[in-house]
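The structure appears right after this line, and notes come after that.
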Amino acid sequence: MLNEQTSEKLYQMKLNGMAEALKDQLAQPDINQLPFDERFSLLVDRQWTWKENKRLDRLLRNAKLKLNACIEDIDYKRARGIDKSVILSLAGCEWIRQIQNIIITGPTGVGKTYLACAMANLACRNGHSALYVRTPRLLQQLVIAKADGTYVKIMNKLAKAKVLIIDDLGLAPLSDSERRDLLEVIEDRYELCSTIITSQLPIDLWHDSIGDPTIADAILDRLVHNAHKITLEGDSMRRKKT
């Protein structure tokens, strides 16, 4: 009876991991042979693991990553120009702590989005928040947000993500309002959080794609100078699978 009351109190205090560990201990006939400090240490370890798993689940759910990608699953055998040493150097997430960006360019289907999502997944596993957005959808959402009064809320959400993926930059020419919105997103994050950009266009063509020279200069200055640049190449992996 006493153990049941203790378990219930642990659940009420949201110490679910510890409560489950206590149940497991009580089901082991020889558990009393362990010293109290060892048993208590096992309970604490279980609670810590439970809490960390819950946090990771929350971070990954909020990130809304397009692909369930992990850097451990990156295929280095295909000739795509992926330098394994570069990926491993980024795996320590020091680029996030140093507030640096990652720019991934290359033709369609070579794995730009997968690599970006793998980096964001790793960021979440290291306790950093992340968020995935496609450029066309992002710009559309900002137009709607201006109309329904949620613009500030969305901008704050974009600014707070420790790692923001902006996927498919440069798919279509930007209107004046779109490039200004994009600049605001980049400006809000500048020297505060890291951004991952993927694009089919080489960086030297971004200026023309953005359109307005002044705004293009401002966007590129905030993104490129402190970015790790990864250039992928080769044929579409989607076509090969088909």
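In the structure tokens, each chain is lettered A, B, ... as it comes, each chain's residues begin at 1, and ligands are numbered from 1 in order of appearance.
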
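All residues of protein, DNA or RNA that reach within 12 Å of Glu178 of chain A, judged by only C-alpha atoms and not counting those fewer than 5 positions away in the chain, are Thr135, Pro136, Arg137, Leu138, Leu139, Gln140, Gln141, Leu142, Val143, Leu169, Gly170, Ala172, Pro173, Leu183, Glu184, Val185, Ser209, Ile210, Gly211, Asp212, Ile215 and Ala216 of chain A.
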
Inset, instruction - With a distance cut-off of 12 Å and only C-alpha atoms, select the neighbouring residues of Ala123 of chain A, excluding the residue or stretch itself and same-chain residues fewer than 2 positions from it, and output the selection as a VMD selection string. - result: chain A and resid 56 59 to 60 63 65 69 to 71 90 to 97 116 to 121 125 to 131 161 to 165 194 to 196

Take the selection from the previous step and output its residues with C-alpha atoms, as an mmCIF file, in the first residue's frame.
data_model
loop_
_atom_site.group_PDB
_atom_site.id
_atom_site.type_symbol
_atom_site.label_atom_id
_atom_site.label_comp_id
_atom_site.auth_asym_id
_atom_site.auth_seq_id
_atom_site.Cartn_x
_atom_site.Cartn_y
_atom_site.Cartn_z
ATOM 1 C CA LEU A 56 13.796 15.320 -27.627
ATOM 2 C CA LEU A 59 11.932 19.371 -30.049
ATOM 3 C CA LEU A 60 11.530 17.034 -33.029
ATOM 4 C CA ALA A 63 10.792 21.235 -35.686
ATOM 5 C CA LEU A 65 11.233 18.406 -40.290
ATOM 6 C CA ALA A 69 16.959 12.179 -41.474
ATOM 7 C CA CYS A 70 20.041 11.375 -39.388
ATOM 8 C CA ILE A 71 23.672 12.113 -40.157
ATOM 9 C CA LEU A 90 29.731 19.863 -38.089
ATOM 10 C CA ALA A 91 28.416 16.964 -36.014
ATOM 11 C CA GLY A 92 29.761 18.530 -32.829
ATOM 12 C CA CYS A 93 27.243 21.384 -33.280
ATOM 13 C CA GLU A 94 29.930 23.974 -32.600
ATOM 14 C CA TRP A 95 28.569 25.915 -35.581
ATOM 15 C CA ILE A 96 25.349 26.429 -33.617
ATOM 16 C CA ARG A 97 27.183 27.652 -30.534
ATOM 17 C CA ALA A 116 19.624 19.931 -43.900
ATOM 18 C CA CYS A 117 17.088 17.874 -41.932
ATOM 19 C CA ALA A 118 19.858 15.584 -40.671
ATOM 20 C CA MET A 119 21.692 18.626 -39.301
ATOM 21 C CA ALA A 120 18.529 19.902 -37.640
ATOM 22 C CA ASN A 121 17.794 16.453 -36.216
ATOM 23 C CA ARG A 125 19.411 15.656 -30.152
ATOM 24 C CA ASN A 126 21.869 18.125 -28.656
ATOM 25 C CA GLY A 127 19.094 20.114 -26.999
ATOM 26 C CA HIS A 128 18.655 22.905 -29.563
ATOM 27 C CA SER A 129 15.310 23.951 -31.011
ATOM 28 C CA ALA A 130 14.867 23.747 -34.779
ATOM 29 C CA LEU A 131 12.252 24.611 -37.390
ATOM 30 C CA ALA A 161 14.388 28.728 -33.436
ATOM 31 C CA LYS A 162 18.008 27.978 -32.659
ATOM 32 C CA VAL A 163 18.314 26.362 -36.100
ATOM 33 C CA LEU A 164 16.026 27.456 -38.924
ATOM 34 C CA ILE A 165 15.971 25.571 -42.227
ATOM 35 C CA SER A 194 21.924 29.723 -36.984
ATOM 36 C CA THR A 195 20.222 29.284 -40.339
ATOM 37 C CA ILE A 196 20.463 26.474 -42.887
#

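Of the residues under consideration (A:Thr150, A:Thr49, A:Gln5, A:Ser85), A:Thr49 shows the shortest atom-to-atom contact distance to Gly17 of chain A when counting only C-alpha atoms.
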
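Listed by chain and then by rising number, the residues of segment 185-214 of chain A that DSSP assigns to strand (DSSP E) from the backbone are Ser194, Thr195, Ile196, Ile197, Thr198 and Ser199 of chain A.
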
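Near Gly111 of chain A, within 10 Å and counting only C-alpha atoms, sit Ile74, Asp75, Arg80, Ile82, Ile104, Thr105, Gly106, Pro107, Thr108, Gly109, Thr113, Tyr114, Leu115, Ala116, Cys117, Thr198, Leu232, Glu233, Ser236, Met237 and Arg238 of chain A; same-chain residues fewer than 2 positions away were not included.
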
Print the selection's residues with C-alpha atoms to a file, as a compact mmCIF listing (two decimals), in the first residue's frame.
# COMPACT_ATOMS: atom_id res chain seq x y z
CA ILE A 74 24.07 9.75 -44.82
CA ASP A 75 25.20 7.83 -47.89
CA ARG A 80 27.53 13.68 -54.70
CA ILE A 82 29.76 15.14 -49.77
CA ILE A 104 23.74 23.66 -49.14
CA THR A 105 23.52 24.06 -52.92
CA GLY A 106 23.19 21.64 -55.82
CA PRO A 107 20.77 20.36 -58.46
CA THR A 108 17.41 18.87 -57.63
CA GLY A 109 17.30 15.43 -56.06
CA THR A 113 16.87 18.67 -47.93
CA TYR A 114 17.93 15.36 -46.39
CA LEU A 115 21.27 16.80 -45.32
CA ALA A 116 19.62 19.93 -43.90
CA CYS A 117 17.09 17.87 -41.93
CA THR A 198 19.22 24.99 -49.35
CA LEU A 232 26.37 18.81 -53.88
CA GLU A 233 26.49 17.47 -57.40
CA SER A 236 18.90 13.05 -59.03
CA MET A 237 18.69 10.24 -56.49
CA ARG A 238 14.91 10.26 -56.88

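Contact shell of His225 of chain A at 12 Å (only C-alpha atoms; same-chain neighbours under 6 positions omitted): Ile99, Gln100, Asn101, Ile102, Ile103, Tyr190, Glu191, Ile203, Asp217, Ala218 and Ile219 of chain A.
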
For the residues in the current selection, export C-alpha atoms as a compact mmCIF listing (two decimals), in the first residue's frame.
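Result file follows (result38.txt):
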# COMPACT_ATOMS: atom_id res chain seq x y z
CA ILE A 99 26.05 31.21 -34.46
CA GLN A 100 27.23 30.16 -37.90
CA ASN A 101 25.11 29.18 -40.89
CA ILE A 102 25.13 26.29 -43.37
CA ILE A 103 24.44 26.78 -47.07
CA TYR A 190 21.45 37.70 -37.51
CA GLU A 191 24.17 37.04 -34.88
CA ILE A 203 25.46 31.35 -54.27
CA ASP A 217 23.35 42.70 -50.55
CA ALA A 218 21.80 42.87 -47.08
CA ILE A 219 20.53 39.26 -47.19

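The space separating atom CA of Gly149 of chain A from atom CA of Asn62 of chain A comes to 22.0 Å.
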
Inset, instruction - Find the residue from A:Arg46, A:Pro35, A:Arg78, A:Cys193 that sits nearest to Lys23 of chain A; use only C-alpha atoms when measuring. - result: A:Arg46
